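Okay, so here's the structure we're looking at.
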Amino acid sequence: AQIANAYADQMVSNDFLDKSETSARAEQYLAQELADAKAKLQDSENAMLAYARNADITASVVPATGTDQSGSLRAQQLAQLSSALANATATRIEAEQNWRQVQSVPAMALPEVQQNDAIQDMISERATLNAEIADQRERYTSEYPGVTAATAKVQAIDSQIARLSEDIKSAARGRYTAAAQAERQLRGSIAQLRGSAMAERERGVTYNALQREVDTNRAFYDGLLQRYQSVAAASGAPGQNIQVVDRAEPPLEPSSPNLVTNLALSGILGLIGALGAGLLRERSSTMVRSASDAENYLGVKSLGAIPAFGKRDNQDSAILDPRSPQSEAYYSAAVALHRMIGSEAHKRVLITSSTPGEGKSTSSIGITRSLAAMGKRVLLVDGDLRRPSLGMMLGQPLGTGLGEVLAGKTSSLESVHRLESYGFDLITSGNAESDPVTLLSAGNLDRVLAELTERYDMVVIDGPPVMGIADSVLIAEHMDAGVFVIEANSKDVEELEVAIGRLPEDLPIGSIVTKFDARVAGVKYGRQSYYRY
């Protein structure tokens with residue numbers, strides 16, 4: 001209990017120290033980053049202001065009221081002058097219209113003249129003088145001094161009225177001229193200011209880039225500052241992830257484990273685990289492990305399973321020994337094959353596999369020998385023109401064989417080798433130098449097979465593998481049946497389905513599982529003792 005409590009206390013202490021050290025390192029790191037960010041922000045601000053000063057950009061000293069350059073001094077002046085120009089244009093248009101209206105009208109007919117107070121007073125005075133002149137003329141002649149003086153005054157008043165009315169009419173023209181002059185001046189100022197504002201706008205592109213850099217640095221600096229403040233506030237009291245819930249206490253009574261009970265429980269749990277693992281492997285495996293798997297998964301008739309040869313077994317001796325498990329298995333497969341293709345003679349059988357090394361050639365020898373032992377005249381042909389193996393397995397030299405027969409260099413009967421010990425005849429693959437596909441596609445294969453089936457009850461061709469090359473596919477087009485050899489526990493069902501799918505659909509196909517081991521397959525039949533009746 002003391003050891004457990006000491007261990008727990010040490011873990012709590014270490015956790016607190018780790019938290020404190022982490023907070024201190026984080027605070028120190030953020031402080032350094034904050035200082036660097038501050039210096040970078042100051043440098044970017046100084047660069048922005050220096051460029052604004054050198055480029056004469058007024059936006060840096062005038063508060064912005066919009067986007068782009070709307071806050072520059074020139075832009076604001078341009079806006080004000082544009083507004084003043086609009087007003088001046090309206091004033092000029094109004095003055096021009098007023099002048100055009102009064103230009104061809106007599107001055108005395110203008111309303112402004114008629115409503116003028118000075119002119120109305122002079123008209124009233126002139127009327128009074130005219131009345132006096134008319135009254136005096138009734139008593140005196142025109143040379144009378146009073147009449148002459150009054151007439152001179154009337155003429156003087158008429159001159160004043162005419163001069164004043166012309167002045168009033170000329171005032172309308174003066175207003176038009178002044179408004180037009182003001183408008184021209186504003187247009188000139190605006191044109192000059194617009195050029196300056198546009199130049200400032202072009203220079204502002206670089207300024208805007210510098211300003212965006214300043215904004216980015218400021219945002220980064222503000223974020224670091226906030227993070228630094230949070231870390232600094234939390235560094236004083238770092239939280240703990242480990243807490244002691246219950247202190248350890250020594251037991252009141254000593255106890256010892258029950259060895260028998262623990263062993264029994266472990267045995268039961270181990271057995272259950274092994275059964276579960278085996279069941280899972282059985283469910284998840286999609287490999288062909290037995291003859292029933294080939295028939296169930298691939299949909300082809302099973303001809304049997306061939307037991308695996310032992311490490312010390314001689315294959316030739318085992319096949320020739322009629323009592324060996326392998327020989328008995330091939331007898332059984334030959335009977336199943338004979339039943340599948342029927343009892344009629346002159347049959348052609350192709351034996352192939354998906355890939356090399358699955359026991360195809362050995363099965364060809366075993367099945368052919370079994371058919372010969374059943375009283376059939378059987379010919380075995382090595383149809384693998386690329387990697388021949390039957391001649392070497394049966395101790396026969398390659399010499400002239402199927403390749404030379406297909407090339408027309410020799411006849412089929414001259415290439416036959418009689419194997420007395422096996423009970424059947426053999427044609428090797430030969431040493432043809434032509435392309436195998438060309439030889440098999442030239443139309444000679446069917447002719448050669450027709451010649452051979454006239455002399456033999458069955459012709460068995462040991463073909464090359466199906467996957468990767470087209471030789472077996474070409475041979476299968478001239479066959480009456482096919483035997484597909486499958487190595488147990490090595491081929492996935494999908495791969496085998498692709499290989500079988502390359503063969504003609506109307507070709508009857510049977511399967512043989514080679515290198516079969518009942519213990520590995522987990523089945524109750526097929527052990528070597530099964531063939532030792």
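The chains in the structure tokens are called A, B, ... from first to last as shown; in each chain the residues are counted from 1, and the ligands are counted from 1 in the order shown.
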Under the rule of at most 10 Å, produce a per-residue listing of range 388-426 of chain A near range 299-317 of chain A: chain, number, name, the closest pair of atoms, and the distance in Å, as a Markdown table, using only C-alpha atoms.
```
| residue | atom | partner | partner_atom | distance |
| --- | --- | --- | --- | --- |
| A:Met393 | CA | A:Asp316 | CA | 8.3 |
| A:Leu394 | CA | A:Asp316 | CA | 8.5 |
| A:Tyr422 | CA | A:Asp316 | CA | 9.9 |
```
Secondary structure check, strand (DSSP E or B) residues of range 326-370 of chain A, as a VMD selection string: chain A and resid 347 to 353
CA of Asp117 in chain A to CA of Asp135 in chain A, straight-line distance in Å: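 Between these atoms lies a distance of 27.3 Å.
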Those in range 230-439 of chain A with helix (DSSP H, G or I) from DSSP, as a PyMOL selection string: chain A and resi 230-234+259-284+291-298+315-320+325-341+360-373+390-393+402-406+413-415+436-439
CA of Ala481 in chain A to CA of Val349 in chain A, straight-line distance in Å: 4.9 Å
Spatial neighbours of range 44-46 of chain A, max dist 10 Å, only C-alpha atoms, sep filter under 6 positions, as a list in words: Lys38, Ala52, Leu210, Gln211, Arg212, Glu213, Val214, Asp215, Thr216, Asn217 and Arg218 of chain A
Since we have the selection now, will you write its residues out, keeping C-alpha atoms, as a CSV table (one decimal), in the first residue's frame?
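result.csv, written as the output of this step:
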```csv
chain,number,residue,atom,x,y,z
A,38,LYS,CA,6.1,43.6,-32.8
A,52,ALA,CA,3.5,57.3,-48.7
A,210,LEU,CA,2.2,47.6,-47.9
A,211,GLN,CA,-1.0,48.4,-46.0
A,212,ARG,CA,-2.3,44.8,-46.3
A,213,GLU,CA,1.1,43.6,-45.0
A,214,VAL,CA,0.7,46.0,-42.1
A,215,ASP,CA,-2.8,44.7,-41.4
A,216,THR,CA,-1.6,41.1,-41.5
A,217,ASN,CA,1.2,41.7,-39.2
A,218,ARG,CA,-1.1,43.6,-36.8
```
Residue among A:Ser13, A:Thr428, A:Gln120, A:Asn258 lying closest to Leu390 in chain A, counting only C-alpha atoms: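 Distance minimum relative to Leu390 in chain A lands on A:Thr428.
As for CA of Ala476 in chain A and CA of Glu328 in chain A, they are spaced 27.4 Å apart.
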Option closest in space to Leu224 in chain A, from A:Glu96, A:Glu477, A:Asp446, A:Glu27 [counting only C-alpha atoms]: A:Glu27
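Nearest to Arg137 in chain A of all the residues A:Gln10, A:Thr151, A:Ala407, A:Gln32 is A:Thr151, counting only C-alpha atoms.
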Closest of A:Tyr221, A:His417, A:Lys491, A:Thr368 to Gln42 in chain A - atom-to-atom distances counting only C-alpha atoms: A:Tyr221
